[in-house]
Structure formats: structure tokens, C-alpha cells
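Next comes run17.cif, a file with mmCIF, C-alpha atoms and all ligand atoms.
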data_coords
#
loop_
_atom_site.label_atom_id
_atom_site.label_comp_id
_atom_site.auth_asym_id
_atom_site.auth_seq_id
_atom_site.Cartn_x
_atom_site.Cartn_y
_atom_site.Cartn_z
CA MET A 1 -6.06 9.65 -25.56
CA ARG A 2 -2.67 10.05 -23.89
CA THR A 3 -3.26 11.26 -20.38
CA THR A 4 0.31 11.60 -19.10
CA GLU A 5 0.28 15.42 -19.38
CA LEU A 6 -3.02 15.87 -17.52
CA GLY A 7 -3.58 16.70 -13.85
CA ILE A 8 -3.82 13.82 -11.42
CA ASN A 9 -7.62 13.85 -11.07
CA SER A 10 -8.04 13.75 -14.88
CA ARG A 11 -5.60 10.84 -15.01
CA LEU A 12 -7.51 9.03 -12.28
CA VAL A 13 -10.69 9.23 -14.36
CA HIS A 14 -9.25 8.55 -17.83
CA GLY A 15 -6.00 6.59 -17.35
CA GLY A 16 -5.72 3.13 -18.86
CA TYR A 17 -8.87 3.47 -20.98
CA HIS A 18 -8.82 2.25 -24.59
CA PRO A 19 -12.21 2.26 -26.37
CA ASP A 20 -13.30 -1.19 -27.58
CA ALA A 21 -15.54 -2.05 -30.57
CA THR A 22 -18.73 -1.40 -28.57
CA GLY A 23 -17.75 2.11 -27.46
CA ALA A 24 -18.31 1.18 -23.80
CA VAL A 25 -17.51 4.26 -21.71
CA THR A 26 -16.41 2.15 -18.75
CA VAL A 27 -13.78 -0.56 -19.19
CA PRO A 28 -15.88 -3.76 -19.44
CA ILE A 29 -15.29 -6.89 -17.39
CA TYR A 30 -13.61 -9.27 -19.84
CA GLN A 31 -14.65 -12.28 -17.78
CA SER A 32 -12.91 -14.83 -19.96
CA SER A 33 -10.15 -17.20 -18.91
CA THR A 34 -8.80 -17.63 -22.44
CA PHE A 35 -8.70 -15.78 -25.77
CA ALA A 36 -9.13 -17.29 -29.25
CA PHE A 37 -6.26 -17.15 -31.75
CA ARG A 38 -7.06 -16.23 -35.36
CA ASN A 39 -5.00 -19.22 -36.49
CA ALA A 40 -2.06 -21.35 -35.36
CA ALA A 41 0.52 -18.80 -36.54
CA HIS A 42 -1.21 -16.06 -34.51
CA GLY A 43 -1.11 -18.23 -31.35
CA ALA A 44 2.57 -18.99 -31.91
CA ALA A 45 3.38 -15.30 -32.51
CA LEU A 46 1.63 -14.28 -29.27
CA PHE A 47 3.54 -16.89 -27.30
CA ALA A 48 6.81 -15.83 -28.93
CA GLY A 49 6.11 -12.22 -27.96
CA GLU A 50 6.23 -11.17 -31.61
CA GLU A 51 2.71 -9.79 -31.53
CA GLU A 52 0.68 -7.93 -28.87
CA GLY A 53 -2.52 -9.55 -27.68
CA TYR A 54 -4.19 -11.69 -25.07
CA ILE A 55 -3.59 -15.40 -24.53
CA TYR A 56 -4.82 -16.48 -21.09
CA THR A 57 -6.00 -14.40 -18.12
CA ARG A 58 -3.21 -15.47 -15.75
CA ILE A 59 -0.80 -13.92 -18.29
CA GLY A 60 -2.90 -10.89 -19.19
CA ASN A 61 -6.48 -9.64 -19.59
CA PRO A 62 -7.87 -6.35 -20.98
CA THR A 63 -9.69 -5.31 -17.77
CA ILE A 64 -6.64 -6.07 -15.64
CA ARG A 65 -4.38 -4.37 -18.20
CA ALA A 66 -6.45 -1.15 -17.98
CA LEU A 67 -5.86 -1.04 -14.22
CA GLU A 68 -2.15 -1.82 -14.63
CA GLU A 69 -1.72 0.95 -17.20
CA SER A 70 -3.63 3.46 -15.13
CA VAL A 71 -1.65 2.89 -11.92
CA ALA A 72 1.66 2.67 -13.84
CA GLU A 73 0.92 6.10 -15.30
CA LEU A 74 0.02 7.55 -11.89
CA GLU A 75 3.24 6.15 -10.42
CA ASN A 76 5.39 7.22 -13.42
CA GLY A 77 6.61 3.70 -14.10
CA ALA A 78 7.28 1.45 -17.11
CA GLY A 79 4.26 -0.75 -16.35
CA GLY A 80 2.13 -2.34 -13.68
CA ILE A 81 1.51 -5.89 -12.47
CA ALA A 82 -1.81 -6.47 -10.72
CA THR A 83 -1.90 -9.29 -8.18
CA SER A 84 -4.47 -11.30 -6.25
CA SER A 85 -3.71 -9.40 -3.02
CA GLY A 86 -1.24 -6.91 -1.61
CA LEU A 87 0.74 -9.81 -0.19
CA GLY A 88 0.69 -11.39 -3.65
CA ALA A 89 2.63 -8.29 -4.77
CA VAL A 90 5.00 -8.47 -1.78
CA SER A 91 5.72 -12.19 -2.34
CA THR A 92 6.26 -11.61 -6.08
CA LEU A 93 8.68 -8.81 -5.23
CA TYR A 94 10.69 -11.00 -2.83
CA MET A 95 10.65 -13.98 -5.18
CA GLY A 96 11.81 -11.81 -8.09
CA LEU A 97 14.51 -9.74 -6.41
CA LEU A 98 15.98 -12.05 -3.75
CA GLU A 99 17.91 -15.26 -4.33
CA CYS A 100 19.20 -18.03 -2.09
CA SER A 101 21.16 -16.47 0.83
CA ALA A 102 20.39 -12.90 -0.22
CA HIS A 103 19.88 -10.21 2.41
CA MET A 104 17.15 -7.58 2.62
CA VAL A 105 16.88 -4.45 4.77
CA SER A 106 13.37 -3.37 5.67
CA THR A 107 11.37 -1.08 7.92
CA ALA A 108 10.91 -2.50 11.44
CA SER A 109 7.30 -1.33 11.49
CA VAL A 110 6.48 -2.87 8.09
CA TYR A 111 3.04 -4.58 7.82
CA GLY A 112 3.34 -7.71 10.03
CA PRO A 113 2.88 -10.39 7.31
CA SER A 114 5.36 -8.64 4.94
CA ARG A 115 7.91 -9.41 7.65
CA GLY A 116 6.47 -12.85 8.47
CA LEU A 117 6.86 -13.91 4.84
CA ILE A 118 10.64 -13.56 5.17
CA GLU A 119 10.93 -14.90 8.71
CA LYS A 120 8.66 -17.93 8.22
CA HIS A 121 9.09 -18.82 4.56
CA PHE A 122 11.95 -17.18 2.65
CA SER A 123 14.24 -17.99 5.59
CA ARG A 124 13.90 -21.66 4.55
CA PHE A 125 15.85 -20.71 1.42
CA GLY A 126 18.55 -18.93 3.38
CA VAL A 127 17.19 -15.40 2.84
CA GLU A 128 17.93 -13.04 5.72
CA ALA A 129 16.47 -9.67 6.55
CA SER A 130 17.32 -6.86 8.96
CA PHE A 131 14.29 -4.89 10.15
CA VAL A 132 15.44 -1.45 11.28
CA ASP A 133 14.07 2.04 11.84
CA THR A 134 14.39 3.25 8.23
CA SER A 135 13.11 6.70 9.25
CA ASN A 136 16.69 7.03 10.51
CA LEU A 137 18.90 6.76 7.41
CA ASP A 138 21.98 5.99 9.55
CA SER A 139 20.25 2.83 10.85
CA LEU A 140 19.43 1.88 7.26
CA LEU A 141 23.02 2.45 6.12
CA GLN A 142 24.44 0.43 9.02
CA ALA A 143 22.17 -2.53 8.23
CA ILE A 144 23.42 -2.80 4.62
CA ARG A 145 25.68 -5.82 3.96
CA PRO A 146 27.67 -6.89 0.89
CA ASP A 147 24.90 -9.42 0.11
CA THR A 148 22.04 -6.90 0.46
CA ARG A 149 19.96 -7.10 -2.72
CA LEU A 150 16.83 -5.24 -1.72
CA VAL A 151 15.86 -2.35 0.52
CA TYR A 152 12.12 -2.56 1.14
CA VAL A 153 10.64 0.45 2.85
CA GLU A 154 7.08 1.10 3.98
CA THR A 155 6.35 4.81 4.35
CA PRO A 156 4.29 5.96 6.15
CA SER A 157 4.55 2.68 8.02
CA ASN A 158 1.76 0.53 9.40
CA PRO A 159 0.91 1.20 12.26
CA ALA A 160 3.84 3.20 13.72
CA MET A 161 3.34 6.01 11.15
CA GLN A 162 7.08 6.47 10.66
CA VAL A 163 8.16 8.41 7.58
CA THR A 164 11.24 7.30 5.62
CA ASP A 165 13.16 9.62 3.29
CA ILE A 166 12.64 7.86 -0.04
CA ALA A 167 15.31 9.79 -1.98
CA GLY A 168 17.84 9.16 0.83
CA ALA A 169 16.96 5.45 0.99
CA ALA A 170 17.30 5.19 -2.81
CA SER A 171 20.80 6.63 -2.83
CA ILE A 172 21.93 4.32 0.00
CA ALA A 173 20.47 1.27 -1.79
CA HIS A 174 21.97 2.24 -5.16
CA ASP A 175 25.40 3.07 -3.71
CA HIS A 176 25.49 -0.53 -2.44
CA GLY A 177 24.19 -2.30 -5.53
CA ALA A 178 20.70 -2.93 -4.14
CA LEU A 179 17.27 -1.95 -5.45
CA LEU A 180 14.76 0.12 -3.49
CA ALA A 181 11.11 -0.97 -3.32
CA VAL A 182 8.50 1.13 -1.48
CA ASP A 183 5.16 -0.02 -0.08
CA ASN A 184 3.07 3.06 -0.89
CA THR A 185 -0.21 1.67 0.46
CA PHE A 186 -0.67 4.25 3.24
CA ALA A 187 -0.08 7.26 0.98
CA SER A 188 -1.62 6.02 -2.31
CA PRO A 189 -0.29 7.36 -5.64
CA TYR A 190 -2.39 10.46 -5.05
CA LEU A 191 -0.19 11.62 -2.19
CA GLN A 192 3.23 10.13 -2.94
CA GLN A 193 5.09 8.87 -6.02
CA PRO A 194 8.18 6.96 -4.88
CA LEU A 195 9.54 6.21 -8.38
CA LYS A 196 9.93 9.97 -8.96
CA LEU A 197 12.01 10.10 -5.76
CA GLY A 198 14.38 7.35 -6.91
CA ALA A 199 12.69 4.05 -5.97
CA ASP A 200 12.89 1.14 -8.43
CA VAL A 201 9.60 -0.55 -7.57
CA VAL A 202 6.46 0.70 -5.83
CA LEU A 203 3.68 -1.53 -4.58
CA HIS A 204 0.24 -1.24 -3.06
CA SER A 205 -2.34 -3.27 -1.31
CA VAL A 206 -5.15 -1.94 -3.56
CA THR A 207 -7.52 -3.38 -0.96
CA LYS A 208 -6.95 -0.05 0.78
CA PHE A 209 -7.08 3.48 -0.68
CA ILE A 210 -6.87 2.64 -4.39
CA ASN A 211 -10.06 0.58 -4.34
CA GLY A 212 -11.42 2.33 -1.26
CA HIS A 213 -14.74 0.54 -0.81
CA ALA A 214 -13.92 -2.51 1.35
CA ASP A 215 -15.25 -4.92 -1.26
CA ILE A 216 -12.16 -6.59 -2.75
CA VAL A 217 -8.65 -7.70 -1.83
CA GLY A 218 -5.92 -6.99 -4.39
CA GLY A 219 -2.43 -5.69 -5.04
CA ILE A 220 -0.36 -3.94 -7.68
CA MET A 221 3.31 -3.31 -8.37
CA VAL A 222 4.87 -0.74 -10.70
CA ALA A 223 8.50 -0.97 -11.83
CA LYS A 224 10.52 1.98 -13.01
CA ASP A 225 12.26 0.18 -15.83
CA ASP A 226 11.37 -2.48 -18.36
CA GLU A 227 13.90 -5.06 -17.23
CA VAL A 228 12.63 -5.22 -13.63
CA LEU A 229 9.05 -5.09 -14.91
CA ARG A 230 9.61 -8.12 -17.18
CA LEU A 231 11.31 -10.03 -14.37
CA LEU A 232 8.52 -9.37 -11.86
CA ARG A 233 5.75 -10.04 -14.40
CA GLY A 234 7.32 -13.41 -15.20
CA VAL A 235 7.42 -14.31 -11.50
CA MET A 236 3.78 -13.26 -10.98
CA VAL A 237 2.63 -15.32 -13.97
CA ASP A 238 4.65 -18.36 -12.90
CA MET A 239 3.45 -18.17 -9.29
CA GLY A 240 -0.12 -17.62 -10.48
CA CYS A 241 -1.02 -14.77 -8.15
CA ASN A 242 -2.80 -12.75 -10.86
CA MET A 243 -5.75 -10.46 -10.25
CA ASP A 244 -9.18 -11.46 -11.55
CA PRO A 245 -11.03 -9.33 -14.18
CA HIS A 246 -13.99 -8.67 -11.89
CA GLN A 247 -11.64 -7.57 -9.11
CA ALA A 248 -9.86 -5.25 -11.59
CA PHE A 249 -13.19 -3.75 -12.71
CA LEU A 250 -14.11 -2.83 -9.13
CA VAL A 251 -10.65 -1.38 -8.47
CA LEU A 252 -10.89 0.73 -11.66
CA ARG A 253 -14.21 2.08 -10.41
CA GLY A 254 -12.73 2.94 -7.03
CA LEU A 255 -9.64 4.50 -8.55
CA LYS A 256 -11.64 7.23 -10.34
CA THR A 257 -12.59 8.84 -7.01
CA LEU A 258 -9.25 8.34 -5.24
CA GLY A 259 -8.48 12.07 -5.19
CA LEU A 260 -11.91 13.04 -3.86
CA ARG A 261 -11.81 10.37 -1.18
CA VAL A 262 -8.25 11.09 -0.05
CA GLU A 263 -8.80 14.86 0.14
CA ARG A 264 -11.95 14.47 2.19
CA ALA A 265 -10.64 11.77 4.51
CA GLN A 266 -7.42 13.63 5.24
CA ALA A 267 -9.30 16.84 6.08
CA GLY A 268 -11.31 14.79 8.59
CA ALA A 269 -8.17 13.10 9.91
CA GLN A 270 -6.47 16.46 10.54
CA ALA A 271 -9.45 17.68 12.58
CA ILE A 272 -9.74 14.41 14.51
CA ALA A 273 -6.00 14.20 15.24
CA GLN A 274 -5.98 17.76 16.62
CA TRP A 275 -9.02 16.99 18.74
CA LEU A 276 -7.45 13.77 20.07
CA GLU A 277 -4.17 15.55 20.84
CA ALA A 278 -6.03 18.00 23.10
CA HIS A 279 -8.09 15.31 24.88
CA PRO A 280 -7.15 14.73 28.56
CA LYS A 281 -7.50 10.92 28.29
CA VAL A 282 -5.15 10.68 25.29
CA GLU A 283 -1.47 10.02 25.99
CA SER A 284 -0.07 10.52 22.47
CA VAL A 285 -1.21 10.87 18.86
CA ARG A 286 0.71 9.88 15.74
CA TYR A 287 -0.64 11.71 12.72
CA ILE A 288 1.87 13.00 10.22
CA GLY A 289 -0.19 16.15 9.67
CA LEU A 290 0.53 17.26 13.26
CA SER A 291 3.62 19.41 13.73
CA SER A 292 4.40 17.26 16.80
CA HIS A 293 5.03 14.25 14.50
CA PRO A 294 8.78 13.68 13.95
CA GLY A 295 8.22 12.96 10.24
CA HIS A 296 6.00 16.00 9.62
CA ASP A 297 8.55 18.14 7.73
CA LEU A 298 9.83 15.25 5.64
CA ALA A 299 6.25 14.22 4.80
CA LYS A 300 5.59 17.81 3.70
CA ARG A 301 8.50 17.56 1.26
CA GLN A 302 7.83 14.13 -0.21
CA MET A 303 4.02 13.88 -0.04
CA ARG A 304 1.27 16.19 -1.28
CA GLY A 305 -0.85 15.63 1.85
CA PHE A 306 -0.78 13.73 5.11
CA GLY A 307 -3.42 11.07 4.48
CA SER A 308 -6.00 9.71 6.86
CA MET A 309 -4.28 7.17 9.10
CA ILE A 310 -4.00 7.98 12.81
CA ALA A 311 -2.51 5.91 15.63
CA PHE A 312 -2.90 6.89 19.27
CA GLU A 313 -2.45 5.69 22.80
CA LEU A 314 -4.73 6.38 25.75
CA LYS A 315 -3.46 7.25 29.21
CA GLY A 316 -5.05 4.03 30.51
CA GLY A 317 -2.97 1.92 28.08
CA LEU A 318 -4.20 -1.34 26.58
CA GLU A 319 -7.29 -1.75 28.80
CA ALA A 320 -8.47 1.78 28.04
CA GLY A 321 -7.88 1.17 24.32
CA ARG A 322 -10.00 -2.01 24.43
CA GLN A 323 -12.77 -0.12 26.19
CA LEU A 324 -12.69 2.56 23.50
CA MET A 325 -12.78 0.01 20.66
CA ASN A 326 -15.73 -1.78 22.25
CA ASN A 327 -17.71 1.43 22.61
CA VAL A 328 -17.37 3.27 19.30
CA LYS A 329 -20.62 3.18 17.35
CA LEU A 330 -19.95 5.01 14.05
CA ALA A 331 -16.44 3.64 13.51
CA THR A 332 -16.32 -0.10 12.84
CA LEU A 333 -14.03 -2.41 14.82
CA ALA A 334 -12.30 -4.19 11.93
CA VAL A 335 -8.90 -4.59 10.31
CA SER A 336 -8.04 -3.11 6.90
CA LEU A 337 -7.97 0.62 6.16
CA GLY A 338 -8.27 3.25 3.48
CA GLY A 339 -11.97 2.76 2.75
CA VAL A 340 -14.89 5.19 2.79
CA GLU A 341 -15.89 3.89 6.21
CA THR A 342 -13.91 4.64 9.37
CA LEU A 343 -12.27 1.57 10.92
CA ILE A 344 -10.64 1.13 14.30
CA GLU A 345 -8.38 -1.77 15.32
CA HIS A 346 -5.70 -2.93 17.76
CA PRO A 347 -2.39 -3.68 15.96
CA ALA A 348 -0.71 -5.69 18.75
CA SER A 349 -3.50 -8.31 18.91
CA MET A 350 -4.79 -8.05 15.32
CA THR A 351 -2.86 -6.84 12.23
CA HIS A 352 0.57 -7.20 13.84
CA ALA A 353 -0.12 -10.16 16.15
CA SER A 354 2.30 -12.26 14.07
CA MET A 355 5.18 -10.11 15.39
CA SER A 356 6.88 -10.95 18.68
CA LYS A 357 6.59 -8.48 21.56
CA GLU A 358 10.33 -7.66 21.10
CA ALA A 359 9.80 -6.99 17.39
CA ARG A 360 6.83 -4.74 18.13
CA ASP A 361 8.85 -2.83 20.76
CA ALA A 362 11.73 -2.43 18.30
CA ALA A 363 9.27 -1.27 15.64
CA GLY A 364 8.23 1.51 18.00
CA PHE A 365 4.66 0.70 18.91
CA ALA A 366 3.28 -0.26 22.29
CA ASP A 367 0.58 -2.77 23.13
CA GLY A 368 -1.79 0.09 23.90
CA LEU A 369 -1.60 1.63 20.41
CA VAL A 370 -4.96 1.96 18.64
CA ARG A 371 -5.13 2.48 14.85
CA TYR A 372 -7.86 4.62 13.35
CA SER A 373 -8.44 4.80 9.57
CA VAL A 374 -10.55 7.87 8.87
CA GLY A 375 -13.24 7.45 6.22
CA ILE A 376 -15.34 10.08 4.44
CA GLU A 377 -18.05 10.47 7.08
CA ASP A 378 -18.59 13.91 8.65
CA ALA A 379 -15.66 14.64 10.96
CA ASP A 380 -18.01 16.12 13.60
CA ASP A 381 -19.88 12.81 13.78
CA LEU A 382 -16.64 10.85 14.14
CA ILE A 383 -15.44 13.18 16.90
CA ALA A 384 -18.79 12.86 18.73
CA ASP A 385 -18.48 9.08 18.42
CA LEU A 386 -14.95 9.09 19.88
CA GLU A 387 -16.08 11.47 22.63
CA GLN A 388 -18.93 9.22 23.80
CA ALA A 389 -16.63 6.17 23.66
CA LEU A 390 -13.91 7.98 25.65
CA GLU A 391 -16.48 8.82 28.33
CA THR A 392 -16.78 5.09 29.03
CA VAL A 393 -13.00 4.78 29.59
N1 LIG B 1 1.07 -3.51 2.79
C1 LIG B 1 0.46 -2.78 3.74
C2 LIG B 1 1.05 -1.47 4.15
C3 LIG B 1 -0.71 -3.25 4.32
O1 LIG B 1 -1.31 -2.50 5.25
C4 LIG B 1 -1.24 -4.50 3.91
C5 LIG B 1 -2.47 -5.07 4.51
C6 LIG B 1 -0.56 -5.23 2.93
C7 LIG B 1 0.59 -4.70 2.38
C8 LIG B 1 -1.06 -6.56 2.42
O2 LIG B 1 -2.15 -6.36 1.58
P1 LIG B 1 -3.37 -7.38 1.38
O3 LIG B 1 -2.77 -8.68 0.98
O4 LIG B 1 -4.10 -7.48 2.68
O5 LIG B 1 -4.16 -6.76 0.28
N2 LIG B 1 -2.85 -4.44 5.69
C9 LIG B 1 -3.86 -4.75 6.45
C10 LIG B 1 -4.13 -4.07 7.66
O6 LIG B 1 -3.45 -3.20 8.16
N3 LIG B 1 -5.28 -4.52 8.16
O7 LIG B 1 -5.76 -5.57 7.42
C11 LIG B 1 -4.89 -5.78 6.27
#
Would it be possible to restate this file's structure as C-alpha cells?
Ligand code: LCS
Amino acid sequence: MRTTELGINSRLVHGGYHPDATGAVTVPIYQSSTFAFRNAAHGAALFAGEEEGYIYTRIGNPTIRALEESVAELENGAGGIATSSGLGAVSTLYMGLLECSAHMVSTASVYGPSRGLIEKHFSRFGVEASFVDTSNLDSLLQAIRPDTRLVYVETPSNPAMQVTDIAGAASIAHDHGALLAVDNTFASPYLQQPLKLGADVVLHSVTKFINGHADIVGGIMVAKDDEVLRLLRGVMVDMGCNMDPHQAFLVLRGLKTLGLRVERAQAGAQAIAQWLEAHPKVESVRYIGLSSHPGHDLAKRQMRGFGSMIAFELKGGLEAGRQLMNNVKLATLAVSLGGVETLIEHPASMTHASMSKEARDAAGFADGLVRYSVGIEDADDLIADLEQALETV
């Protein structure tokens, strides 16, 4: 059944499904590394791309393909490429779209290792990147150089929660002969579809909202057109950062409830952010659903909801934040985000510790910032948990 005309929740449940000979209602785990050819001519035709079919799981696998088709449809792209991790997708993107001495412009508050990959590794091949506040399109425009090949934006960004205008970034990139890629991890395809707004590639750490159950690590990329898709797929296959069929099966299971989970978590996040904003021990709250957030109006235009990621600072700064993290009981002190369970962490010493203090300052987040990923627990329980922990501060 073609599902492209259906509503998003119907697509989440049915996308990517093709019945097999057994009639299995759920896409089975095709846990096989290799696939038999009918004869030598069949094998040769598959390798030559003259016939559709499966050869070897690094190149393609039916369970992985179902996930790729489903997310590609949600993101309105030509096709998907599932990867071993979110960073597997980021490294495939860089490897595919940057060459020796190329330049990239990216969001200063991009996920720490997405930046580290350029600064520690691609720099050895002469690749340069400018990390700027892409929520300000003038800063983005000024950072563009004649050798800029890629604009890579994370919106909303981790953990500064800055919102970048995707359509505006796309026109700047395209006017200067560069492609625009968007890390859509924080929004998920349920809340934001960057390809519709002009981006060329969208990627996710599916470890987060898409899978949603804190039981796998994985990534996916969707390209708008066939040429970029073929290029990136070739790079992924050659670098060997493919997803595994069992991983894909779990992600497909998580994906079906993405809409339910996101709706519930963001309702909780809105209540918690408002409560935090009114708390006397809280210095500032960054939640894009609050009208005090500078990206609130833009987020309203380009997203269908505000998601469930909150970052905040306490009046007592870093020490107070540590005290809070050590005293929450319902929220778990752990990195990662976007799962059914609420997680709390400290970006400066954990997820973004690979960034220098100067880079963190330029990215707009202080050492005292605490990140809170709201799960699907009862919001009243999460507020009570924060309240008892704040009493110890
Ligand atoms: N992009 C974003 C926005 C992320 O938050 C992460 C991981 C990645 C890419 C990389 O994905 P992975 O390879 O881990 O699947 N973010 C993490 C975080 O904030 N806490 O732990 C991991």
C-alpha cells in the first residue's frame, strides 16, 4: 500500500512495509549477512545494478530497507541510508560532500562530536569549518567562502536550543553553490521536515526520538534527490558504517509510536518549562515553547510543535546544577535524550566536554547549563522530583 497520501501517524505505523511470503504483519528481522543468487547471471545482474535485490547486508537488507523507506517517506526524500550510529551518518555526510581543502559552515552549538570530527580528523585532509550562530542568518552569510561546499545546521541545537531558519539557510547555501544538510535529531520528522523547507539532506541520530526506548544506537540520512542519495549510499557502503538488521527492527518498532511519544513528552515539557521559569532558584530557561525563547516564533512557523528538550541554568550556577543532578530521583542522570524516560545531564562536562571553553562560550551556553530531556512520565511527578531536588540546592 502506498502511504504517501496518509496522515503522519498512519505513515508512522505503515510506512516501509512490504508483505513477505509468510504474511508477517511486522517486518521480520532478516538476520542474514548474505543473500543467495538464483544463478551466476542473477548475481552479476545484481552487482551491475540491472536488477533489484539483496546481495550482502552492508550494501542492503530488507529489514534495514523498510526503515530507510519509512523515514525517507516521512522526510519527503528520494531515499534513506541507515547507519550504525548518528555519528556514522554525520561522518558519511562529511566524507561524501566535502573534499580536500573544502570549507563547511556549521552551527556553533552543534553536537560536540559533530564538530570534533572536523577539528580532529577532517582537518588532517585540509578541510576547514566555521562554527557560527546560524540562528542569525547574517552570521551564516558572512561565514560563507568561495570554497564553502556544505552548510550543516542543527536546529533546534544541542544543548543551546537555538533555532535556525531552514528556508533562509537553504537559500544562502544555494546562492553560493553549497548544499544544506540539517541535523533534525531534536525535532524528529514528526515535528519538522527540513527537505520541504529547502534542505538537500536531513539526518538523525535515531538513538534519540525515532527509536525512543534507549536500547540501540543508530543513525539515518535522507537525501532530497537521487544523485546525492547515490553518492552518500556509496560512501556509507564503502566506509562500512551500515546499520544491523536487529537494530533496524527495534527502530521500526519505536518509530510506530513516535507521534504518541512526542505529543505526550512535549505536553509535559511545556508544563515543566513554565514551572521552572517561575521558580525562584532558576536563573533562565531555554524551551522553544516559551514565548520568552528568541526562536519561539520561528519554531512556530517551521515546526508543528516545540518538542521535549529543555536547558536551564540555576541562580547558583555550576555548583547548584551539580547538586540538582545528584538529587533528582525520577529523572536519570545520563547522557542521550529523546527516550520514554526523562534524562538529565551536564553538557559542559559530559556531551560537549570535547569543546573548548571558548567554543562553548561562543556557542552560547555556560558551564552552569543543565539539559533535561522530558520523557513520557506524568509531568506532575517530574515537577515534584525537580522540586525536592531544588530544595537541596
Ligand atoms: N546529532 C545530535 C543532535 C545528537 O544529539 C547526537 C548524539 C548525534 C548527532 C550523534 O548520534 P549518535 O552517534 O550518538 O547516535 N547526542 C548525544 C547526546 O546529546 N547525549 O548523548 C549522545
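Between ligand LIG 1 (chain B) and the residues A:Val110, A:Ala389, A:Leu298, A:Cys100, the shortest atom-to-atom distance, using all atoms listed in the file, involves A:Val110.
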Padded axis-aligned box of segment 222-237 of chain A (8 Å per side), centre and edge lengths, Å, one decimal, as JSON:
{"center_x": 8.3, "center_y": -6.7, "center_z": -14.5, "size_x": 27.3, "size_y": 33.3, "size_z": 23.7}
### Query
Any idea what's packed within 10 Å of Gln388 of chain A, counting all atoms listed in the file, ignoring anything in its chain fewer than 3 positions away? Could you give it as a VMD selection string?
chain A and resid 324 327 to 329 383 to 385 391 to 393
### Task
Can you pull out every residue within 12 Å of Gly321 of chain A, counting only C-alpha atoms, but drop anything in the same chain fewer than 2 positions away, and send it as a count of residues only?
37
### Task
Using all atoms listed in the file, find each residue with an atom at most 7 Å away from ligand LIG 1 (chain B) and format the answer as JSON, numbers by chain.
{"A": [85, 86, 87, 88, 110, 111, 114, 154, 157, 158, 183, 185, 186, 204, 205, 206, 207, 217, 218, 219, 335, 336, 337, 351]}
### Query
To one decimal place, how far is atom CA of Phe249 of chain A from atom CA of Tyr190 of chain A in Å?
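Computing the Euclidean distance for atom CA of Phe249 of chain A and atom CA of Tyr190 of chain A yields 19.4 Å.
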### Query
Near Ile8 of chain A, counting all atoms listed in the file, which residues have an atom at most 12 Å away, once you skip same-chain residues fewer than 5 positions from it, shown as a VMD selection string?
chain A and resid 3 13 to 15 70 to 71 73 to 76 189 to 193 255 to 260 304
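Using all atoms listed in the file, the nearest neighbour of Ala299 of chain A within the list A:Val201, A:Ala273, A:Ala320, A:Met161 is A:Met161.
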Which residues are close to segment 136-153 of chain A, i.e. within 10 Å by all atoms listed in the file, leaving aside same-chain residues fewer than 2 positions away? Reply as a compact mmCIF listing (two decimals) with C-alpha atoms, in the frame of the given file.
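Dumped everything to result-v8.txt:
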# COMPACT_ATOMS: atom_id res chain seq x y z
CA VAL A 90 5.00 -8.47 -1.78
CA LEU A 93 8.68 -8.81 -5.23
CA TYR A 94 10.69 -11.00 -2.83
CA LEU A 97 14.51 -9.74 -6.41
CA LEU A 98 15.98 -12.05 -3.75
CA GLU A 99 17.91 -15.26 -4.33
CA SER A 101 21.16 -16.47 0.83
CA ALA A 102 20.39 -12.90 -0.22
CA HIS A 103 19.88 -10.21 2.41
CA MET A 104 17.15 -7.58 2.62
CA VAL A 105 16.88 -4.45 4.77
CA SER A 106 13.37 -3.37 5.67
CA THR A 107 11.37 -1.08 7.92
CA ALA A 108 10.91 -2.50 11.44
CA SER A 109 7.30 -1.33 11.49
CA VAL A 110 6.48 -2.87 8.09
CA SER A 114 5.36 -8.64 4.94
CA GLU A 128 17.93 -13.04 5.72
CA ALA A 129 16.47 -9.67 6.55
CA SER A 130 17.32 -6.86 8.96
CA PHE A 131 14.29 -4.89 10.15
CA VAL A 132 15.44 -1.45 11.28
CA ASP A 133 14.07 2.04 11.84
CA THR A 134 14.39 3.25 8.23
CA THR A 155 6.35 4.81 4.35
CA PRO A 156 4.29 5.96 6.15
CA SER A 157 4.55 2.68 8.02
CA GLN A 162 7.08 6.47 10.66
CA VAL A 163 8.16 8.41 7.58
CA THR A 164 11.24 7.30 5.62
CA ASP A 165 13.16 9.62 3.29
CA ILE A 166 12.64 7.86 -0.04
CA GLY A 168 17.84 9.16 0.83
CA ALA A 169 16.96 5.45 0.99
CA ALA A 170 17.30 5.19 -2.81
CA ILE A 172 21.93 4.32 0.00
CA ALA A 173 20.47 1.27 -1.79
CA HIS A 174 21.97 2.24 -5.16
CA HIS A 176 25.49 -0.53 -2.44
CA GLY A 177 24.19 -2.30 -5.53
CA ALA A 178 20.70 -2.93 -4.14
CA LEU A 179 17.27 -1.95 -5.45
CA LEU A 180 14.76 0.12 -3.49
CA ALA A 181 11.11 -0.97 -3.32
CA VAL A 182 8.50 1.13 -1.48
CA ASP A 183 5.16 -0.02 -0.08
CA ASN A 184 3.07 3.06 -0.89
CA ALA A 199 12.69 4.05 -5.97
CA VAL A 201 9.60 -0.55 -7.57
CA VAL A 202 6.46 0.70 -5.83
#### Entry: atom CA of Leu117 of chain A to atom CA of Leu229 of chain A, straight-line distance in Å
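One can read the atom CA of Leu229 of chain A to atom CA of Leu117 of chain A distance as 21.7 Å.
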### Task
Please measure the separation of atom CA of Thr92 of chain A and atom CA of Ile59 of chain A, giving the value in Å to one decimal.
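These two atoms are separated by 14.3 Å.
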### Query
Which one of A:Ser354, A:Glu52, A:Leu197, A:Met239 sits closest to Met303 of chain A if you count only C-alpha atoms?
A:Leu197
